[in-house]
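Shown below: my_file-v9.csv, with CSV, C-alpha atoms.
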chain,number,residue,atom,x,y,z
A,190,MET,CA,-35.0,27.7,50.1
A,191,HIS,CA,-35.1,27.3,53.8
A,192,LYS,CA,-32.9,28.1,56.8
A,193,SER,CA,-31.1,25.0,58.1
A,194,LEU,CA,-29.3,24.8,61.4
A,195,GLU,CA,-25.9,23.1,61.7
A,196,PRO,CA,-24.8,23.8,65.3
A,197,GLY,CA,-21.3,22.7,64.7
A,198,LEU,CA,-20.7,25.6,62.3
A,199,LEU,CA,-21.8,27.9,65.1
A,200,SER,CA,-19.3,26.4,67.6
A,201,LEU,CA,-22.1,24.5,69.4
A,202,ASN,CA,-22.4,20.9,70.2
A,203,PRO,CA,-26.0,20.0,71.2
A,204,SER,CA,-27.6,16.6,70.7
A,205,LEU,CA,-29.8,16.1,67.7
A,206,LEU,CA,-33.0,16.4,69.8
A,207,ARG,CA,-31.7,19.7,71.2
A,208,THR,CA,-30.8,20.9,67.7
A,209,ILE,CA,-34.3,20.1,66.5
A,210,ASP,CA,-35.7,22.1,69.5
A,211,LEU,CA,-33.4,25.1,68.8
A,212,ALA,CA,-34.3,25.1,65.1
A,213,SER,CA,-38.0,25.0,65.9
A,214,ARG,CA,-37.9,27.8,68.4
A,215,HIS,CA,-35.7,30.1,66.2
A,216,GLY,CA,-37.4,29.8,62.9
A,217,PHE,CA,-35.4,27.3,61.0
A,218,GLY,CA,-37.1,24.9,58.6
A,219,GLY,CA,-34.4,22.2,58.7
A,220,VAL,CA,-31.4,20.8,60.6
A,221,ASP,CA,-28.1,19.5,59.4
A,222,ALA,CA,-26.2,16.8,61.2
A,223,GLY,CA,-22.7,15.4,61.3
A,224,ALA,CA,-22.0,11.7,60.4
A,225,GLY,CA,-20.8,11.2,64.0
A,226,VAL,CA,-24.2,12.3,65.4
A,227,LEU,CA,-26.0,9.8,63.2
A,228,ALA,CA,-23.6,7.0,63.9
A,229,ASP,CA,-23.7,7.5,67.7
A,230,ALA,CA,-25.0,4.3,69.4
A,231,SER,CA,-27.1,6.4,71.8
A,232,LEU,CA,-29.1,8.1,69.0
A,233,ASP,CA,-32.8,7.2,69.2
A,234,VAL,CA,-33.8,7.5,65.5
A,235,ALA,CA,-37.5,7.0,66.2
A,236,ALA,CA,-37.5,9.8,68.8
A,237,ALA,CA,-35.6,12.2,66.5
A,238,SER,CA,-37.9,11.4,63.6
A,239,ALA,CA,-41.0,12.1,65.8
A,240,ALA,CA,-39.5,15.3,67.0
A,241,MET,CA,-38.7,16.5,63.5
A,242,GLU,CA,-42.2,15.7,62.4
A,243,ALA,CA,-43.8,17.4,65.4
A,244,ALA,CA,-41.8,20.5,64.8
A,245,SER,CA,-42.2,20.5,61.0
A,246,ILE,CA,-38.4,20.3,60.7
A,247,CYS,CA,-36.9,18.6,57.7
A,248,GLY,CA,-33.5,17.0,57.2
A,249,GLY,CA,-31.0,19.4,55.5
A,250,TYR,CA,-27.6,17.7,54.9
A,251,VAL,CA,-25.3,15.2,56.5
A,252,MET,CA,-21.6,16.3,56.9
A,253,LEU,CA,-19.8,13.2,56.1
A,254,SER,CA,-16.9,11.8,58.1
A,255,PRO,CA,-14.1,12.5,57.3
A,256,ILE,CA,-15.2,16.0,56.4
A,257,ARG,CA,-12.7,16.3,53.6
A,258,VAL,CA,-11.0,14.3,50.9
A,259,PRO,CA,-8.2,13.1,50.8
A,260,VAL,CA,-7.3,11.9,54.3
A,261,PRO,CA,-5.0,9.1,55.5
A,262,ASP,CA,-6.0,5.6,54.3
A,263,ALA,CA,-6.9,4.3,57.8
A,264,GLN,CA,-9.2,7.3,58.5
A,265,TRP,CA,-10.9,6.8,55.1
A,266,ALA,CA,-11.4,3.1,55.8
A,267,ASP,CA,-13.0,3.8,59.1
A,268,ALA,CA,-15.3,6.3,57.5
A,269,LEU,CA,-16.4,3.9,54.8
A,270,ALA,CA,-17.1,1.2,57.4
A,271,GLU,CA,-19.4,3.6,59.2
A,272,LEU,CA,-21.1,5.0,56.1
A,273,PRO,CA,-23.8,2.3,55.6
A,274,LEU,CA,-25.2,3.0,59.1
A,275,VAL,CA,-25.0,6.7,58.6
A,276,ALA,CA,-26.8,6.5,55.3
A,277,LEU,CA,-29.5,4.2,56.6
A,278,ARG,CA,-30.2,6.5,59.6
A,279,ALA,CA,-30.1,9.6,57.4
A,280,GLU,CA,-32.6,8.1,55.0
A,281,ALA,CA,-34.9,7.2,58.0
A,282,LEU,CA,-34.7,10.8,59.2
A,283,GLY,CA,-35.5,12.3,55.8
A,284,PHE,CA,-32.0,13.6,54.9
A,285,ARG,CA,-31.6,13.6,51.2
A,286,ARG,CA,-28.3,15.4,51.0
A,287,ALA,CA,-24.7,14.9,52.2
A,288,VAL,CA,-21.6,17.0,51.8
A,289,ILE,CA,-17.8,16.7,51.9
A,290,VAL,CA,-14.9,19.2,51.3
A,291,VAL,CA,-12.5,18.7,48.4
A,292,MET,CA,-9.1,20.0,49.4
A,293,PRO,CA,-7.4,22.4,46.9
A,294,PHE,CA,-4.1,20.6,46.9
A,295,HIS,CA,-2.7,17.1,47.1
A,296,GLU,CA,0.4,16.5,49.3
A,297,THR,CA,2.0,14.0,46.9
A,298,LEU,CA,0.1,13.7,43.6
A,299,PRO,CA,0.2,16.1,40.5
A,300,PHE,CA,-3.2,17.3,39.2
A,301,GLU,CA,-4.3,14.5,36.9
A,302,GLN,CA,-3.3,11.8,39.3
A,303,ALA,CA,-5.0,13.7,42.2
A,304,MET,CA,-8.1,13.9,40.0
A,305,GLU,CA,-8.1,10.1,39.5
A,306,SER,CA,-7.6,9.5,43.2
A,307,ASN,CA,-10.4,11.9,44.2
A,308,VAL,CA,-12.8,10.4,41.7
A,309,ARG,CA,-12.1,6.9,43.0
A,310,LEU,CA,-12.6,7.9,46.6
A,311,ILE,CA,-15.7,9.9,46.1
A,312,ASN,CA,-17.2,7.1,44.0
A,313,GLN,CA,-16.9,4.9,47.1
A,314,LEU,CA,-19.1,7.4,48.9
A,315,THR,CA,-21.7,7.8,46.2
A,316,ASN,CA,-21.9,4.0,45.7
A,317,VAL,CA,-23.4,3.9,49.2
A,318,LEU,CA,-25.3,7.2,49.3
A,319,ASP,CA,-27.1,6.6,46.0
A,320,ASP,CA,-28.7,3.4,47.3
A,321,HIS,CA,-30.4,5.5,50.0
A,322,GLY,CA,-31.5,8.4,47.7
A,323,ILE,CA,-28.9,10.8,49.1
A,324,ALA,CA,-27.1,13.3,46.9
A,325,LEU,CA,-23.5,14.2,47.6
A,326,GLY,CA,-22.4,17.8,47.4
A,327,LEU,CA,-18.7,18.7,46.9
A,328,GLU,CA,-17.3,21.9,48.4
A,329,TYR,CA,-14.4,23.6,46.7
A,330,VAL,CA,-12.0,25.7,48.7
A,331,SER,CA,-10.8,28.8,47.0
A,332,PRO,CA,-8.5,31.0,49.1
A,333,VAL,CA,-4.9,31.2,47.7
A,334,THR,CA,-3.6,31.0,51.3
A,335,ARG,CA,-5.0,27.5,51.7
A,336,ARG,CA,-3.2,26.0,48.8
A,337,ALA,CA,-0.1,28.2,48.6
A,338,PRO,CA,2.1,26.0,51.0
A,339,TYR,CA,1.7,22.9,48.8
A,340,HIS,CA,3.5,22.0,45.6
A,341,HIS,CA,0.6,20.2,44.0
A,342,GLU,CA,-2.5,22.4,43.5
A,343,PHE,CA,-5.9,20.9,42.9
A,344,ILE,CA,-9.3,22.2,42.1
A,345,HIS,CA,-10.2,25.5,43.9
A,346,ASN,CA,-13.1,27.0,41.9
A,347,LEU,CA,-16.5,26.3,40.5
A,348,ALA,CA,-15.3,25.2,37.1
A,349,GLY,CA,-12.9,22.8,38.6
A,350,ALA,CA,-15.5,21.3,40.9
A,351,LEU,CA,-17.9,20.8,38.0
A,352,ASN,CA,-15.2,19.1,36.1
A,353,LEU,CA,-14.7,16.7,39.0
A,354,ILE,CA,-18.4,16.1,39.3
A,355,ALA,CA,-18.7,15.3,35.6
A,356,ARG,CA,-16.2,12.5,36.1
A,357,LEU,CA,-18.1,10.7,38.9
A,358,ASP,CA,-20.3,7.7,38.4
A,359,SER,CA,-23.2,9.2,40.3
A,360,SER,CA,-25.8,11.4,38.5
A,361,LYS,CA,-26.8,12.7,42.0
A,362,ALA,CA,-23.5,14.3,42.8
A,363,GLY,CA,-23.4,18.1,42.8
A,364,LEU,CA,-22.1,21.2,44.7
A,365,LEU,CA,-21.9,22.5,48.2
A,366,LEU,CA,-21.8,26.2,47.3
A,367,ASP,CA,-20.2,28.5,49.9
A,368,SER,CA,-20.5,32.3,49.5
A,369,PHE,CA,-17.0,32.8,50.9
A,370,HIS,CA,-15.3,30.4,48.4
A,371,TRP,CA,-17.4,31.9,45.6
A,372,HIS,CA,-16.2,35.4,46.6
A,373,CYS,CA,-12.5,34.4,47.0
A,374,ALA,CA,-12.6,32.6,43.6
A,375,GLY,CA,-13.6,35.9,41.9
A,376,GLU,CA,-16.8,34.3,40.6
A,377,THR,CA,-20.0,36.2,39.8
A,378,ALA,CA,-23.8,35.7,39.9
A,379,LYS,CA,-23.6,34.8,36.2
A,380,ASP,CA,-21.4,31.8,37.0
A,381,LEU,CA,-24.1,30.6,39.4
A,382,GLU,CA,-27.0,31.3,37.0
A,383,ARG,CA,-25.5,28.8,34.5
A,384,LEU,CA,-26.0,26.0,37.0
A,385,CYS,CA,-28.8,23.5,36.9
A,386,PRO,CA,-30.6,23.6,40.3
A,387,SER,CA,-30.2,19.8,40.6
A,388,LYS,CA,-26.5,20.3,40.8
A,389,ILE,CA,-26.7,22.5,43.9
A,390,VAL,CA,-26.9,20.1,46.8
A,391,ALA,CA,-26.4,22.6,49.7
A,392,VAL,CA,-25.4,26.2,50.4
A,393,HIS,CA,-23.2,27.8,53.1
A,394,VAL,CA,-23.4,31.6,53.7
A,395,ASN,CA,-21.1,33.9,55.5
A,396,ASP,CA,-19.1,37.1,55.0
A,397,ALA,CA,-15.4,37.9,54.5
A,398,LEU,CA,-13.1,40.2,56.4
A,399,PRO,CA,-12.4,43.7,54.8
A,400,ILE,CA,-8.9,42.6,53.6
A,401,PRO,CA,-7.6,41.9,50.1
A,402,THR,CA,-8.9,38.6,48.6
A,403,ALA,CA,-5.4,37.2,48.3
A,404,GLU,CA,-5.1,37.5,52.1
A,405,GLN,CA,-8.3,35.8,53.0
A,406,THR,CA,-8.0,32.6,55.1
A,407,VAL,CA,-10.5,29.8,55.6
A,408,GLY,CA,-10.4,30.3,59.4
A,409,GLU,CA,-11.8,33.8,59.4
A,410,ARG,CA,-15.3,34.4,58.2
A,411,ALA,CA,-18.1,36.7,59.6
A,412,MET,CA,-21.8,36.2,59.9
A,413,PRO,CA,-23.6,36.5,56.6
A,414,GLY,CA,-24.1,40.2,55.7
A,415,ALA,CA,-22.0,41.4,58.6
A,416,THR,CA,-19.2,43.2,56.7
A,417,GLY,CA,-20.6,43.7,53.2
A,418,VAL,CA,-17.5,42.4,51.6
A,419,ILE,CA,-19.3,39.5,49.9
A,420,ASP,CA,-22.1,40.6,47.5
A,421,ILE,CA,-24.6,38.3,49.3
A,422,ALA,CA,-27.6,39.8,47.5
A,423,ALA,CA,-26.1,38.8,44.2
A,424,PHE,CA,-25.3,35.3,45.5
A,425,MET,CA,-28.7,34.7,46.9
A,426,GLY,CA,-30.4,36.3,43.9
A,427,ALA,CA,-28.6,33.9,41.6
A,428,LEU,CA,-29.7,30.9,43.7
A,429,THR,CA,-33.3,32.2,43.5
A,430,SER,CA,-33.1,32.7,39.7
A,431,VAL,CA,-32.0,29.1,39.1
A,432,GLY,CA,-34.7,27.7,41.3
A,433,TYR,CA,-32.6,26.3,44.2
A,434,ASP,CA,-35.0,25.0,46.8
A,435,GLY,CA,-32.7,23.4,49.4
A,436,PRO,CA,-31.1,24.3,52.8
A,437,ILE,CA,-29.2,27.6,53.5
A,438,THR,CA,-26.8,27.1,56.4
A,439,CYS,CA,-24.9,29.8,58.3
A,440,GLU,CA,-21.2,29.2,58.5
A,441,PRO,CA,-19.1,31.9,60.3
A,442,MET,CA,-15.9,31.0,62.0
A,443,ALA,CA,-15.3,30.7,65.8
A,444,SER,CA,-14.0,34.3,66.1
A,445,ALA,CA,-17.3,35.7,64.8
A,446,ILE,CA,-19.2,33.6,67.3
A,447,ASN,CA,-16.9,34.6,70.1
A,448,ALA,CA,-17.5,38.2,69.2
A,449,LEU,CA,-21.2,37.8,70.1
A,450,GLY,CA,-20.3,37.4,73.7
A,451,ASP,CA,-21.6,35.0,76.3
A,452,ILE,CA,-25.1,34.7,75.0
A,453,GLY,CA,-25.6,30.9,75.2
A,454,GLU,CA,-26.9,28.4,72.7
A,455,ASP,CA,-30.2,30.2,72.2
A,456,GLY,CA,-28.5,33.6,71.7
A,457,VAL,CA,-26.1,32.2,69.1
A,458,VAL,CA,-28.8,30.4,67.2
A,459,ALA,CA,-31.1,33.5,67.3
A,460,ALA,CA,-28.3,35.6,65.9
A,461,ALA,CA,-27.7,33.1,63.1
A,462,SER,CA,-31.4,33.0,62.3
A,463,LYS,CA,-31.6,36.8,62.2
A,464,SER,CA,-28.7,37.0,59.8
A,465,LEU,CA,-30.2,34.4,57.5
A,466,ASP,CA,-33.5,36.2,57.5
A,467,ALA,CA,-31.8,39.4,56.4
A,468,ILE,CA,-29.9,37.9,53.4
A,469,MET,CA,-32.8,35.7,52.3
A,470,VAL,CA,-35.0,38.8,52.0
A,471,ALA,CA,-32.2,40.5,50.2
A,472,GLY,CA,-31.8,37.6,47.8
Can the structure in the file be given as structure tokens, please?
Amino acid sequence: MHKSLEPGLLSLNPSLLRTIDLASRHGFGGVDAGAGVLADASLDVAAASAAMEAASICGGYVMLSPIRVPVPDAQWADALAELPLVALRAEALGFRRAVIVVMPFHETLPFEQAMESNVRLINQLTNVLDDHGIALGLEYVSPVTRRAPYHHEFIHNLAGALNLIARLDSSKAGLLLDSFHWHCAGETAKDLERLCPSKIVAVHVNDALPIPTAEQTVGERAMPGATGVIDIAAFMGALTSVGYDGPITCEPMASAINALGDIGEDGVVAAASKSLDAIMVAG
């Protein structure tokens, strides 16, 4: 496992070259990137590749655009049109992982029809990604508060995500595991220990607020290890026991970053790096 820097998850928006520099100076082994960063016409792929090689920084994952499924048809069509370029550049930069969020509800379709729709859409992504050797990780969203307003519930736990993955055409598809969603789903280390490491594409870590699980919301998460609500040692220990060897990315929410004060990009990245060091030792 290695620490990977996704600045967007820390409420930062540096260029890819600046991200590589921040990662190198603050002890990260990898960087993650959004699809928009890779599709940007101004991106100098050769310069970014050289910077990564010089700093011994590897590619973590690419957050696809749109970041979730499903979305309106026009938005999906735009993302599919952009995906070949994103995948080509990702491959050139050494990214072998991509991720997307699966929403825990569908606004119009009951469960089985929503399953068929999600499988069809995700297969459109993996049809492109597989050709570039990029595995797709699906993130399930577990808090009750996220799906409660909607009539049609969809998958919101590890078992449901694995069921969806099993229906996909791609053998490379797997999970984006998030310690917050693992916690809110009431899952345990044993649930993770049953996984094949090849099915874990990427990992997000954070902590939960000290409130009942039923009241947790996706928009409020602390730095990993900050509150002790999530048993992060058990989570990390399970990843170690199954042999996961990919990126570990810090994902608090904006309120947690704001609480750090006006410490600048370097201060925020340093704080994230320190929090990751602590939980990776614990794991």
**Report entry** Selection as JSON, numbers by chain: residues within 9 Å of (-31.6, 23.3, 52.9), counting all atoms listed in the file
**Finding:** {"A": [190, 191, 192, 193, 194, 218, 219, 220, 221, 247, 248, 249, 250, 286, 390, 391, 392, 434, 435, 436, 437, 438]}
Query - Interatomic distance, atom CA of A:Pro203 to atom CA of A:Val407 (Å, one decimal) - result: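 If I compute the distance from atom CA of A:Pro203 to atom CA of A:Val407, I get 24.1 Å.
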Requested in this report: Mind checking which residues fall within 8 Å of A:His215, counting all atoms listed in the file, ignoring those fewer than 6 positions away in the same chain, and posting them as a PyMOL selection string?
Outcome: chain A and resi 458-459+462
Would you export the selected residues with C-alpha atoms as an mmCIF file, in the coordinates of the input, please?
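Contents of again.cif, as written:
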data_model
loop_
_atom_site.group_PDB
_atom_site.id
_atom_site.type_symbol
_atom_site.label_atom_id
_atom_site.label_comp_id
_atom_site.auth_asym_id
_atom_site.auth_seq_id
_atom_site.Cartn_x
_atom_site.Cartn_y
_atom_site.Cartn_z
ATOM 1 C CA VAL A 458 -28.800 30.400 67.200
ATOM 2 C CA ALA A 459 -31.100 33.500 67.300
ATOM 3 C CA SER A 462 -31.400 33.000 62.300
#
Report task. Choose the residue, out of A:Leu199, A:Met304, A:Leu310, A:Ala230, that has the smallest atom-to-atom separation from A:Trp265; count all atoms listed in the file. Result -> A:Leu310
Requested in this report: Give me the residues within 10 Å of stretch 337-347 of chain A as a PyMOL selection string, counting all atoms listed in the file and dropping any in the same chain fewer than 4 places off.
Outcome: chain A and resi 291-301+303-304+328-333+351-353+364+366+370-371+373-376+380-381
Give me the residues within 7 Å of A:Met252 as a PDB file with C-alpha atoms, in the coordinates of the input, counting only C-alpha atoms and dropping any in the same chain fewer than 5 places off.
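Result saved to around10.pdb:
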ATOM      1  CA  ALA A 222     -26.200  16.800  61.200  1.00  0.00           C
ATOM      2  CA  GLY A 223     -22.700  15.400  61.300  1.00  0.00           C
ATOM      3  CA  ALA A 224     -22.000  11.700  60.400  1.00  0.00           C
ATOM      4  CA  ALA A 287     -24.700  14.900  52.200  1.00  0.00           C
ATOM      5  CA  VAL A 288     -21.600  17.000  51.800  1.00  0.00           C
ATOM      6  CA  ILE A 289     -17.800  16.700  51.900  1.00  0.00           C
TER       7      ILE A 289
END
